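Raw contents of structure19.tsv, TSV, C-alpha atoms:
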```
chain	number	residue	atom	x	y	z
A	24	MET	CA	-31.92	18.20	18.04
A	25	LYS	CA	-28.23	18.87	18.48
A	26	SER	CA	-24.98	19.58	16.71
A	27	LYS	CA	-21.35	18.67	17.27
A	28	GLN	CA	-18.04	19.20	15.52
A	29	LEU	CA	-14.78	17.50	16.36
A	30	LYS	CA	-11.59	19.55	16.17
A	31	ILE	CA	-9.71	19.72	12.91
A	32	GLU	CA	-7.14	22.06	11.36
A	33	LEU	CA	-7.77	22.40	7.65
A	34	GLN	CA	-4.27	22.32	6.17
A	35	ASN	CA	-3.57	22.71	2.45
A	36	ASN	CA	0.18	22.16	2.42
A	37	ILE	CA	0.14	18.35	2.24
A	38	ASN	CA	-2.87	17.04	0.36
A	39	ASN	CA	-1.59	14.85	-2.45
A	40	TYR	CA	-3.29	11.82	-0.87
A	41	LEU	CA	-6.66	12.35	0.74
A	42	TYR	CA	-6.30	9.60	3.32
A	43	ASN	CA	-3.09	11.01	4.78
A	44	SER	CA	-4.24	14.60	4.39
A	45	CYS	CA	-7.33	13.93	6.48
A	46	LEU	CA	-5.24	12.30	9.20
A	47	LEU	CA	-3.04	15.37	9.31
A	48	CYS	CA	-6.08	17.66	9.61
A	49	ILE	CA	-7.21	15.63	12.63
A	50	ILE	CA	-3.81	15.60	14.33
A	51	LEU	CA	-3.11	19.31	13.76
A	52	GLY	CA	-6.51	20.09	15.25
A	53	ASN	CA	-4.76	19.51	18.57
A	54	GLU	CA	-1.91	22.01	18.87
A	55	ASN	CA	-0.17	19.71	21.37
A	56	PHE	CA	0.86	17.59	18.40
A	57	TYR	CA	2.60	20.24	16.31
A	58	PRO	CA	5.96	18.93	17.62
A	59	TRP	CA	4.94	15.47	16.33
A	60	PHE	CA	4.34	16.98	12.89
A	61	TYR	CA	7.73	18.70	12.81
A	62	GLU	CA	9.44	15.53	13.96
A	63	ASN	CA	7.82	13.14	11.46
A	64	TYR	CA	7.33	15.18	8.30
A	65	THR	CA	10.92	15.51	7.10
A	66	GLN	CA	11.73	12.54	4.87
A	67	ILE	CA	9.84	11.59	1.69
A	68	PHE	CA	9.62	8.39	-0.35
A	69	TYR	CA	8.12	7.21	-3.58
A	70	ASN	CA	6.81	4.00	-5.07
A	71	ASP	CA	6.58	3.75	-8.86
A	72	ASN	CA	4.76	0.43	-8.84
A	73	LYS	CA	1.50	1.22	-7.05
A	74	TRP	CA	-1.95	0.45	-8.42
A	75	SER	CA	-5.02	2.44	-7.50
A	76	ARG	CA	-8.51	1.08	-6.86
A	77	TYR	CA	-9.36	1.99	-10.43
A	78	SER	CA	-6.62	-0.25	-11.88
A	79	ASN	CA	-4.49	2.74	-12.78
A	80	LYS	CA	-0.76	2.56	-12.21
A	81	GLU	CA	0.47	5.63	-10.35
A	82	VAL	CA	3.60	7.01	-8.77
A	83	TRP	CA	3.25	7.29	-5.00
A	84	LEU	CA	5.10	10.24	-3.46
A	85	ASP	CA	4.58	10.92	0.21
A	86	PHE	CA	6.17	11.58	3.59
A	87	TYR	CA	7.24	8.77	5.86
A	88	GLY	CA	4.96	10.45	8.42
A	89	GLY	CA	1.94	9.44	6.35
A	90	TRP	CA	-0.61	7.03	7.77
A	91	ILE	CA	1.85	4.70	9.55
A	92	ALA	CA	3.35	7.21	11.98
A	93	ALA	CA	-0.11	8.64	12.66
A	94	GLN	CA	-1.12	5.37	14.27
A	95	SER	CA	1.06	6.20	17.25
A	96	LEU	CA	-1.39	9.02	18.04
A	97	LEU	CA	-4.69	7.73	16.68
A	98	GLU	CA	-6.62	4.51	17.02
A	99	PHE	CA	-7.52	3.10	13.60
A	100	ILE	CA	-10.79	1.20	13.99
A	101	LYS	CA	-11.92	-0.81	10.98
A	102	ILE	CA	-15.44	-0.45	9.59
A	103	PRO	CA	-16.46	-3.81	8.09
A	104	ARG	CA	-18.59	-3.44	4.99
A	105	LYS	CA	-21.24	-5.81	6.35
A	106	SER	CA	-21.62	-3.79	9.55
A	107	ILE	CA	-22.88	-0.69	7.75
A	108	ALA	CA	-24.59	-2.18	4.70
A	109	ASN	CA	-28.13	-1.98	6.07
A	110	ILE	CA	-28.14	0.73	8.69
A	111	ASP	CA	-29.14	4.37	9.02
A	112	ILE	CA	-25.74	5.84	8.15
A	113	ILE	CA	-26.58	9.29	9.51
A	114	THR	CA	-27.49	7.89	12.94
A	115	TYR	CA	-24.31	5.78	12.83
A	116	ILE	CA	-22.12	8.80	12.05
A	117	LYS	CA	-23.74	10.99	14.71
A	118	ASP	CA	-23.19	8.29	17.34
A	119	LYS	CA	-19.50	7.96	16.42
A	120	ILE	CA	-18.92	11.72	16.47
A	121	ASP	CA	-20.65	11.96	19.86
A	122	ASN	CA	-18.05	9.44	21.04
A	123	HIS	CA	-15.16	11.52	19.66
A	124	LYS	CA	-14.55	9.36	16.61
A	125	TYR	CA	-13.90	10.77	13.15
A	126	VAL	CA	-15.57	8.79	10.35
A	127	PHE	CA	-13.61	8.05	7.18
A	128	THR	CA	-15.67	6.32	4.49
A	129	PHE	CA	-16.64	6.49	0.80
A	130	LEU	CA	-19.30	8.17	-1.34
A	131	ASP	CA	-20.48	8.09	-4.93
A	132	GLU	CA	-19.40	11.60	-5.91
A	133	TYR	CA	-22.10	11.81	-8.58
A	134	TYR	CA	-24.53	12.96	-5.89
A	135	VAL	CA	-22.32	15.58	-4.23
A	136	LYS	CA	-20.45	17.20	-7.13
A	137	PRO	CA	-22.34	18.96	-9.95
A	138	ASN	CA	-19.61	18.26	-12.53
A	139	TYR	CA	-20.09	14.52	-12.08
A	140	MET	CA	-23.83	14.87	-12.46
A	141	LYS	CA	-23.43	16.85	-15.69
A	142	SER	CA	-21.26	14.15	-17.20
A	143	ASN	CA	-23.38	11.35	-15.71
A	144	SER	CA	-20.18	9.97	-14.15
A	145	HIS	CA	-20.27	7.81	-11.03
A	146	ARG	CA	-17.04	7.62	-9.03
A	147	VAL	CA	-16.58	6.36	-5.47
A	148	HIS	CA	-14.11	8.35	-3.41
A	149	ASP	CA	-12.95	9.00	0.16
A	150	ILE	CA	-14.57	11.42	2.58
A	151	LEU	CA	-13.88	12.37	6.22
A	152	VAL	CA	-16.85	13.32	8.41
A	153	TYR	CA	-16.14	15.30	11.57
A	154	GLY	CA	-19.36	17.12	12.38
A	155	TYR	CA	-23.14	17.20	12.14
A	156	ASP	CA	-25.96	19.69	12.66
A	157	ASP	CA	-29.52	18.49	13.20
A	158	PHE	CA	-30.89	22.00	12.75
A	159	SER	CA	-29.64	22.36	9.17
A	160	GLU	CA	-29.60	18.57	8.67
A	161	LYS	CA	-26.06	18.66	7.29
A	162	LEU	CA	-22.79	16.83	7.88
A	163	THR	CA	-19.45	18.64	7.86
A	164	VAL	CA	-16.82	16.85	5.80
A	165	ILE	CA	-13.30	17.20	4.42
A	166	GLY	CA	-12.43	16.22	0.88
A	167	PHE	CA	-11.91	17.58	-2.61
A	168	ASP	CA	-14.77	19.80	-3.68
A	169	ASN	CA	-16.25	20.29	-7.15
A	170	ASN	CA	-13.33	22.55	-8.11
A	171	HIS	CA	-10.75	19.98	-6.93
A	172	ASN	CA	-9.88	22.06	-3.88
A	173	PHE	CA	-9.02	20.22	-0.67
A	174	THR	CA	-11.40	21.86	1.79
A	175	SER	CA	-14.20	21.55	4.31
A	176	TYR	CA	-17.83	21.71	3.20
A	177	ASN	CA	-21.34	20.59	4.13
A	178	ILE	CA	-23.49	17.78	2.70
A	179	SER	CA	-27.15	17.37	3.56
A	180	TYR	CA	-28.18	14.24	5.42
A	181	GLN	CA	-30.35	13.12	2.52
A	182	THR	CA	-27.65	13.62	-0.12
A	183	PHE	CA	-24.99	11.92	1.98
A	184	ALA	CA	-27.18	8.90	2.64
A	185	LYS	CA	-27.93	8.51	-1.07
A	186	ALA	CA	-24.27	8.91	-2.08
A	187	PHE	CA	-23.17	6.46	0.60
A	188	GLU	CA	-25.72	3.79	-0.33
A	189	ASN	CA	-24.91	4.06	-4.02
A	190	GLY	CA	-21.19	3.89	-3.28
A	191	LEU	CA	-21.75	0.61	-1.46
A	192	ALA	CA	-23.79	-0.74	-4.36
A	193	LEU	CA	-21.26	0.32	-7.01
A	194	THR	CA	-18.35	-1.34	-5.21
A	195	GLU	CA	-20.13	-4.48	-4.06
A	196	SER	CA	-18.95	-6.62	-6.96
A	197	GLU	CA	-15.56	-4.96	-7.45
A	198	GLU	CA	-12.82	-7.30	-6.21
A	199	ILE	CA	-10.34	-4.56	-5.37
A	200	TRP	CA	-12.94	-2.91	-3.11
A	201	ASN	CA	-13.68	-6.15	-1.30
A	202	GLN	CA	-10.22	-7.59	-0.63
A	203	ASP	CA	-10.24	-6.43	3.00
A	204	ASN	CA	-14.05	-6.34	3.39
A	205	LEU	CA	-13.83	-2.81	4.79
A	206	TYR	CA	-15.68	0.36	3.93
A	207	GLY	CA	-13.77	2.89	5.94
A	208	ARG	CA	-12.24	3.49	9.36
A	209	LEU	CA	-12.90	5.38	12.54
A	210	PHE	CA	-10.15	7.55	14.00
A	211	LYS	CA	-9.86	8.46	17.66
A	212	PHE	CA	-7.03	9.93	19.69
A	213	ARG	CA	-5.37	7.40	21.95
A	214	GLU	CA	-6.01	8.27	25.59
A	215	LYS	CA	-2.31	8.33	26.46
A	216	ASN	CA	-1.82	11.12	23.92
A	217	SER	CA	-3.94	13.71	25.72
A	218	GLN	CA	-0.82	15.35	27.08
A	219	PHE	CA	1.86	17.41	25.38
A	220	PHE	CA	3.98	15.58	22.80
A	221	LYS	CA	7.70	15.74	23.53
A	222	PHE	CA	9.76	16.66	20.48
A	223	ASN	CA	12.51	14.14	19.65
A	224	ILE	CA	15.35	16.25	18.24
A	225	LYS	CA	17.48	13.19	17.39
A	226	LYS	CA	14.75	11.64	15.25
A	227	PHE	CA	14.14	14.96	13.53
A	228	LEU	CA	17.83	15.42	12.69
A	229	ARG	CA	18.08	11.85	11.36
A	230	GLY	CA	15.14	12.45	9.08
A	231	LEU	CA	16.56	15.78	7.95
A	232	HIS	CA	19.93	14.15	7.26
A	233	ASP	CA	18.31	11.41	5.16
A	234	TYR	CA	16.27	13.96	3.21
A	235	ILE	CA	19.28	16.14	2.38
A	236	PHE	CA	21.56	13.24	1.46
A	237	LEU	CA	18.89	11.10	-0.32
A	238	SER	CA	19.37	8.33	2.20
A	239	THR	CA	17.04	5.63	3.57
A	240	LEU	CA	19.46	4.78	6.38
A	241	HIS	CA	16.97	5.59	9.15
A	242	LYS	CA	13.81	4.44	7.36
A	243	LYS	CA	12.96	1.94	10.11
A	244	ILE	CA	12.86	4.72	12.68
A	245	PHE	CA	9.81	6.11	10.89
A	246	LEU	CA	8.11	2.87	9.86
A	247	THR	CA	8.60	0.52	12.83
A	248	GLY	CA	8.38	0.50	16.58
A	249	LEU	CA	4.73	1.57	16.73
A	250	GLN	CA	2.04	-0.18	18.72
A	251	ILE	CA	-0.63	-0.25	16.06
A	252	LYS	CA	-4.22	-1.29	16.62
A	253	LYS	CA	-5.55	-3.03	13.52
```
Rewritten as structure tokens:
Amino acid sequence: MKSKQLKIELQNNINNYLYNSCLLCIILGNENFYPWFYENYTQIFYNDNKWSRYSNKEVWLDFYGGWIAAQSLLEFIKIPRKSIANIDIITYIKDKIDNHKYVFTFLDEYYVKPNYMKSNSHRVHDILVYGYDDFSEKLTVIGFDNNHNFTSYNISYQTFAKAFENGLALTESEEIWNQDNLYGRLFKFREKNSQFFKFNIKKFLRGLHDYIFLSTLHKKIFLTGLQIKK
């Protein structure tokens, strides 16, 4: 029996989108990358023509830093739906964490949030797993809790497995959940980023200029030029 937790920094300043918020918690868990945060989180953008997985039109407001810039620091490793459809998900997660990989996947929140159980409402949503403990038989995760707070909390192995399996079943026939045939991603720091990140003052000032003057002049500086692993 063993336990392990990967480093995170639970931040509550930028959590409008769970996916990007979780990435930021991972990156800020390494204080060497605070300069990266200051450099990339200056300019914001919005998209008023975005559709969610639940066929709801929504306005997307976020930083350019978001998930694209994060790929310069982290490897994004796809989790194909078929690869985890018939496995012991707890063993899978423990193996990934032992190999320094954060697990981002989806659960049926009915099983982990009392409010959903009371209303008999099933909803599949994101979750980031960064730790486990065989002694208490619980996983440590980041997400929105039952009170809609972005925080860290524990889920028992048994509950997680049930919520995960039901999430797979609920989304199996939903086209929007199957377009890319994925059911999550693994995140791991790129080896070259183990050293101190050098702050780029010119990039920071360009982003600050664009933010103040409502400009997209230097948009490509934030969204291109990255070696991204698909």
Give me the residues within 9 Å of Val135 (chain A) as a short mmCIF file (atom, residue, chain, number, x, y, z; two decimals) with C-alpha atoms, in the coordinates of the input, counting all atoms listed in the file and dropping any in the same chain fewer than 6 places off.
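New file part_6.cif:
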```cif
data_model
loop_
_atom_site.label_atom_id
_atom_site.label_comp_id
_atom_site.auth_asym_id
_atom_site.auth_seq_id
_atom_site.Cartn_x
_atom_site.Cartn_y
_atom_site.Cartn_z
CA ASP A 168 -14.77 19.80 -3.68
CA ASN A 169 -16.25 20.29 -7.15
CA ILE A 178 -23.49 17.78 2.70
CA THR A 182 -27.65 13.62 -0.12
CA PHE A 183 -24.99 11.92 1.98
CA ALA A 186 -24.27 8.91 -2.08
#
```
Sorted per-residue table, region 141-226 of chain A near region 58-75 of chain A, closest atoms and distance, 10 Å, only C-alpha atoms, as a Markdown table:
```
| residue | atom | partner | partner_atom | distance |
| --- | --- | --- | --- | --- |
| A:Ile199 | CA | A:Ser75 | CA | 9.0 |
| A:Phe219 | CA | A:Pro58 | CA | 8.9 |
| A:Phe220 | CA | A:Pro58 | CA | 6.5 |
| A:Lys221 | CA | A:Pro58 | CA | 6.9 |
| A:Phe222 | CA | A:Pro58 | CA | 5.3 |
| A:Asn223 | CA | A:Glu62 | CA | 6.6 |
| A:Ile224 | CA | A:Glu62 | CA | 7.3 |
| A:Lys225 | CA | A:Glu62 | CA | 9.0 |
| A:Lys226 | CA | A:Glu62 | CA | 6.7 |
```
Cut-off 9 Å around (-9.5, 6.1, 12.2) with only C-alpha atoms: residues as a PDB file with C-alpha atoms, in the frame of the given file:
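Here's the written file part39.pdb:
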```
ATOM      1  CA  LEU A  46      -5.240  12.300   9.200  1.00  0.00           C
ATOM      2  CA  GLN A  94      -1.120   5.370  14.270  1.00  0.00           C
ATOM      3  CA  LEU A  97      -4.690   7.730  16.680  1.00  0.00           C
ATOM      4  CA  GLU A  98      -6.620   4.510  17.020  1.00  0.00           C
ATOM      5  CA  PHE A  99      -7.520   3.100  13.600  1.00  0.00           C
ATOM      6  CA  ILE A 100     -10.790   1.200  13.990  1.00  0.00           C
ATOM      7  CA  LYS A 101     -11.920  -0.810  10.980  1.00  0.00           C
ATOM      8  CA  LYS A 124     -14.550   9.360  16.610  1.00  0.00           C
ATOM      9  CA  TYR A 125     -13.900  10.770  13.150  1.00  0.00           C
ATOM     10  CA  VAL A 126     -15.570   8.790  10.350  1.00  0.00           C
ATOM     11  CA  PHE A 127     -13.610   8.050   7.180  1.00  0.00           C
ATOM     12  CA  GLY A 207     -13.770   2.890   5.940  1.00  0.00           C
ATOM     13  CA  ARG A 208     -12.240   3.490   9.360  1.00  0.00           C
ATOM     14  CA  LEU A 209     -12.900   5.380  12.540  1.00  0.00           C
ATOM     15  CA  PHE A 210     -10.150   7.550  14.000  1.00  0.00           C
ATOM     16  CA  LYS A 211      -9.860   8.460  17.660  1.00  0.00           C
ATOM     17  CA  PHE A 212      -7.030   9.930  19.690  1.00  0.00           C
TER      18      PHE A 212
END
```
Best match for closeness to Ile165 (chain A) among A:Ser95, A:Asn189, A:Asn122, A:Asn43, counting only C-alpha atoms
A:Asn43
So the first atom is CA of Arg213 (chain A) and the second is CA of Glu160 (chain A); what is the distance between them in Å, to one decimal place?
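Straight-line distance from CA of Arg213 (chain A) to CA of Glu160 (chain A) works out to 29.8 Å.
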Atom pair CA of Leu130 (chain A) + CA of Arg146 (chain A), distance 8.0 Å
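Going from CA of Ser144 (chain A) over to CA of Asn39 (chain A), you cover 22.5 Å.
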So that I can check the surroundings of Ile116 (chain A), please list as a list in words every protein, DNA and RNA residue that reaches within 8 Å of it, counting only C-alpha atoms and ignoring chain neighbours fewer than 3 positions away.
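Counting only C-alpha atoms, the residues come to Ile112, Ile113, Lys119, Ile120, Val126 and Val152 of chain A.
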